[in-house]
Amino acid sequence: MRPGAGGFAEVYAEHVTPVWRYVRLRVPADADAEDVTSQVFERAMRSWDRYDGTRGGVGAWLMGIARHTVADWWRRHGRELPTDPAAAAFAGGVADDDPEGEVLRRLGADDVRRRLGHLTAREREAVALRFGSELSSTEIAVILGVTPSAARMLVHRAVGRLREVMDGA
Amino acid sequence: MPEETDGLDPNVETVLWLGEAARSAPPPGLVARIDAAVRRRAERPSRPMTAVALALAAAFVLQAAGNLVAGEWISDGIDEPYAPHAMFEMSLALVAAAVCAAAAAVRRAWGAVSVLTCTPLALGLGLHGVGELGQFAAGAVLHTAEGVLGLALLAAWWWQWRDTPRPSREAGA
């Protein structure tokens with residue numbers, strides 16, 4: 001597809017749902033997810049002229065932008081959100097260096113986000129890409145810079161851990 | 001905890017729950033917000049079009065200002081009698097042409113109007129400026145620049161038109 005404003009309108013229509021679902025699993029509240037998703041598409045529109053289709057699919061390109069936008073959101077808001085010093089112990093030591101997980105566990109707007117807070121950052125990312133964006137293991141592997149089998153393993157481990165969290169609830 | 005599903009692998013159960021929980025539709029407010037941003041973006045002219053349209057508008061304004069503040073010097077340069085009334089009215093017309101040219105830098109859809117009005121004028125001024133070569137250097141340079149920018153405006157508009165999506169015959173039917 002040739003980069004251009006009209007081309008982007010088609011891309012947006014096709015990808016707004018997977019991007020929204022991914023972002024929604026990565027931030028605590030729907031209002032935050034709306035802001036971040038909107039920023040993802042603003043950034044994508046600005047970069048659309050530079051998009052090179054030979055370097056990968058447009059979905060993966062958008063997910064790359066979404067990951068960076070989510071990371072920026074956490075950098076900006078992570079310190080503002082209240083943290084709980086006892087959270088790491090509560091999480092079984094998972095989130096010593098994972099304030100994002102701790103915030104999701106405590107402030108996540110629904111079950112799925114609160115439970116995702118018990119995963120490591122990498123597992124949470126893999127789950128958001130697999131179940132939010134519905135990407136294949138190969139696509140997740142490209143985005144995370146791992147092999148497809150490692151991506152599959154990451155998702156498998158995350159699902160196992162989620163099951164433990166749900167069983168313990 | 002998701003509803004228990006007898007006989008189902010607990011991991012499969014978790015996957016099903018996760019798939020269901022993750023599947024949510026973007027809120028209509030968000031879709032409307034992005035729609036509006038995409039539409040605004042689609043209406044924006046290309047960068048070359050913006051640059052050329054603004055440059056041509058600046059050339060017209062420069063000529064208009066020159067007529068107003070240095071009319072006598074220009075008349076001397078081209079060896080014609082100074083006519084302040086005509087100079088003033090020509091300046092007004094040039095300012096109007098400059099606004100027309102600048103419109104192409106505001107909205108993609110206005111590019112065609114700018115080309116229809118400003119390209120013939122700029123080319124006319126450019127050709128007319130040939131007579132000033134060797135006689136009045138400043139006028140020759142300005143008119144040549146206007147002529148070149150008139151052609152560039154047409155080229156930029158054509159390039160932009162190629163990249164502008166249009167509804168297909170099927171969609172329009």
# chains A, B, ... in the order shown; residues from 1 in each chain; ligands from 1
$ closest_atom_pairs --of "chain B" --to "chain A" --cutoff "8 Å" --atoms "only C-alpha atoms" --output "Markdown table"
| residue | atom | partner | partner_atom | distance |
| --- | --- | --- | --- | --- |
| B:Met1 | CA | A:Met166 | CA | 5.7 |
| B:Pro10 | CA | A:Arg163 | CA | 7.1 |
| B:Asn11 | CA | A:Gly160 | CA | 6.3 |
| B:Thr14 | CA | A:Arg163 | CA | 5.9 |
| B:Val15 | CA | A:Val159 | CA | 6.8 |
| B:Leu18 | CA | A:Phe131 | CA | 6.9 |
| B:Gly19 | CA | A:Phe131 | CA | 5.5 |
| B:Ala21 | CA | A:Val112 | CA | 6.4 |
| B:Ala22 | CA | A:Gly132 | CA | 5.4 |
| B:Arg23 | CA | A:Arg21 | CA | 6.7 |
| B:Ser24 | CA | A:Arg21 | CA | 6.5 |
| B:Ala25 | CA | A:Thr17 | CA | 6.4 |
| B:Pro26 | CA | A:Thr17 | CA | 6.0 |
| B:Pro27 | CA | A:Glu34 | CA | 8.0 |
| B:Leu30 | CA | A:Glu34 | CA | 5.9 |
| B:Val31 | CA | A:Val16 | CA | 7.9 |
| B:Arg33 | CA | A:Ser38 | CA | 7.4 |
| B:Ile34 | CA | A:Ser38 | CA | 6.1 |
| B:Ala37 | CA | A:Glu42 | CA | 7.4 |
| B:Val38 | CA | A:Ala9 | CA | 6.3 |
| B:Arg41 | CA | A:Ala5 | CA | 6.5 |
| B:Ala42 | CA | A:Ala5 | CA | 4.7 |
| B:Asp163 | CA | A:Gly4 | CA | 6.0 |
| B:Thr164 | CA | A:Gly6 | CA | 6.4 |
| B:Pro165 | CA | A:Gly6 | CA | 5.1 |
$ residues_around --residues "Ala97 in chain B" --least-positions-apart "3" --cutoff "10 Å" --atoms "only C-alpha atoms" --output "ChimeraX atom specification"
/B:56-57,60-61,91-94,100-103,114,117-118,121-122
$ write_last_selection --atoms "N, CA and C atoms" --output "PDB file, in the first residue's frame"
ATOM      1  N   LEU B  56       4.971  30.836  -3.426  1.00  0.00           N
ATOM      2  CA  LEU B  56       4.321  31.639  -4.475  1.00  0.00           C
ATOM      3  C   LEU B  56       3.542  32.800  -3.851  1.00  0.00           C
ATOM      4  N   ALA B  57       2.867  32.520  -2.758  1.00  0.00           N
ATOM      5  CA  ALA B  57       2.137  33.587  -2.067  1.00  0.00           C
ATOM      6  C   ALA B  57       3.115  34.676  -1.624  1.00  0.00           C
ATOM      7  N   PHE B  60       4.116  36.827  -4.591  1.00  0.00           N
ATOM      8  CA  PHE B  60       3.052  37.776  -4.951  1.00  0.00           C
ATOM      9  C   PHE B  60       3.025  38.958  -3.963  1.00  0.00           C
ATOM     10  N   VAL B  61       3.157  38.624  -2.673  1.00  0.00           N
ATOM     11  CA  VAL B  61       3.126  39.679  -1.650  1.00  0.00           C
ATOM     12  C   VAL B  61       4.339  40.601  -1.812  1.00  0.00           C
ATOM     13  N   SER B  91      -1.473  46.020  -6.728  1.00  0.00           N
ATOM     14  CA  SER B  91      -1.027  45.444  -5.450  1.00  0.00           C
ATOM     15  C   SER B  91      -2.173  44.728  -4.747  1.00  0.00           C
ATOM     16  N   LEU B  92      -3.343  45.349  -4.772  1.00  0.00           N
ATOM     17  CA  LEU B  92      -4.513  44.709  -4.144  1.00  0.00           C
ATOM     18  C   LEU B  92      -4.815  43.373  -4.829  1.00  0.00           C
ATOM     19  N   ALA B  93      -4.763  43.381  -6.156  1.00  0.00           N
ATOM     20  CA  ALA B  93      -5.038  42.144  -6.899  1.00  0.00           C
ATOM     21  C   ALA B  93      -3.993  41.076  -6.570  1.00  0.00           C
ATOM     22  N   LEU B  94      -2.738  41.497  -6.420  1.00  0.00           N
ATOM     23  CA  LEU B  94      -1.668  40.534  -6.105  1.00  0.00           C
ATOM     24  C   LEU B  94      -1.833  39.951  -4.698  1.00  0.00           C
ATOM     25  N   CYS B 100      -5.062  33.376  -2.460  1.00  0.00           N
ATOM     26  CA  CYS B 100      -5.500  32.198  -3.235  1.00  0.00           C
ATOM     27  C   CYS B 100      -4.410  31.123  -3.239  1.00  0.00           C
ATOM     28  N   ALA B 101      -3.170  31.562  -3.463  1.00  0.00           N
ATOM     29  CA  ALA B 101      -2.049  30.605  -3.497  1.00  0.00           C
ATOM     30  C   ALA B 101      -1.876  29.967  -2.121  1.00  0.00           C
ATOM     31  N   ALA B 102      -1.936  30.782  -1.073  1.00  0.00           N
ATOM     32  CA  ALA B 102      -1.724  30.265   0.288  1.00  0.00           C
ATOM     33  C   ALA B 102      -2.822  29.281   0.693  1.00  0.00           C
ATOM     34  N   ALA B 103      -3.994  29.419   0.090  1.00  0.00           N
ATOM     35  CA  ALA B 103      -5.097  28.498   0.424  1.00  0.00           C
ATOM     36  C   ALA B 103      -4.695  27.039   0.174  1.00  0.00           C
ATOM     37  N   SER B 114      -6.342  26.936  -6.225  1.00  0.00           N
ATOM     38  CA  SER B 114      -5.094  27.704  -6.269  1.00  0.00           C
ATOM     39  C   SER B 114      -4.395  27.522  -7.604  1.00  0.00           C
ATOM     40  N   THR B 117      -6.246  29.387 -10.453  1.00  0.00           N
ATOM     41  CA  THR B 117      -6.146  30.850 -10.437  1.00  0.00           C
ATOM     42  C   THR B 117      -4.687  31.326 -10.497  1.00  0.00           C
ATOM     43  N   CYS B 118      -3.805  30.662  -9.772  1.00  0.00           N
ATOM     44  CA  CYS B 118      -2.454  31.211  -9.605  1.00  0.00           C
ATOM     45  C   CYS B 118      -1.448  30.734 -10.650  1.00  0.00           C
ATOM     46  N   LEU B 121      -1.651  32.970 -13.760  1.00  0.00           N
ATOM     47  CA  LEU B 121      -1.150  34.299 -13.413  1.00  0.00           C
ATOM     48  C   LEU B 121       0.371  34.278 -13.265  1.00  0.00           C
ATOM     49  N   ALA B 122       0.885  33.270 -12.538  1.00  0.00           N
ATOM     50  CA  ALA B 122       2.329  33.188 -12.300  1.00  0.00           C
ATOM     51  C   ALA B 122       3.072  32.958 -13.616  1.00  0.00           C
TER      52      ALA B 122
END
$ residues_around --residues "Gly78 in chain A" --least-positions-apart "5" --cutoff "8 Å" --atoms "only C-alpha atoms" --output "ChimeraX atom specification"
/A:73,99-100
$ select_by_dssp --residues "range 7-166 of chain A" --states "alpha helix (DSSP H)" --output "PyMOL selection string"
chain A and resi 7-26+30-47+58-77+87-90+99-107+111-116+121-127+137-144+148-166
$ residues_around --residues "Gln63 in chain B" --least-positions-apart "3" --cutoff "12 Å" --atoms "only C-alpha atoms" --output "PyMOL selection string"
chain B and resi 56-60+66-71+74+87-88+90-95+97-98+122+125+138-143+145-146
$ closest_residue --among "B:Asp79, B:Asp35, B:Ala65, B:Val99" --to "Glu10 in chain A" --atoms "only C-alpha atoms"
B:Asp35
$ closest_residue --among "B:Glu80, B:Glu20, B:Glu43, B:Glu72" --to "Glu132 in chain B" --atoms "only C-alpha atoms"
B:Glu80
$ closest_residue --among "A:Leu154, A:Val23, A:Ser136, A:Val142" --to "Arg55 in chain A" --atoms "only C-alpha atoms"
A:Val142
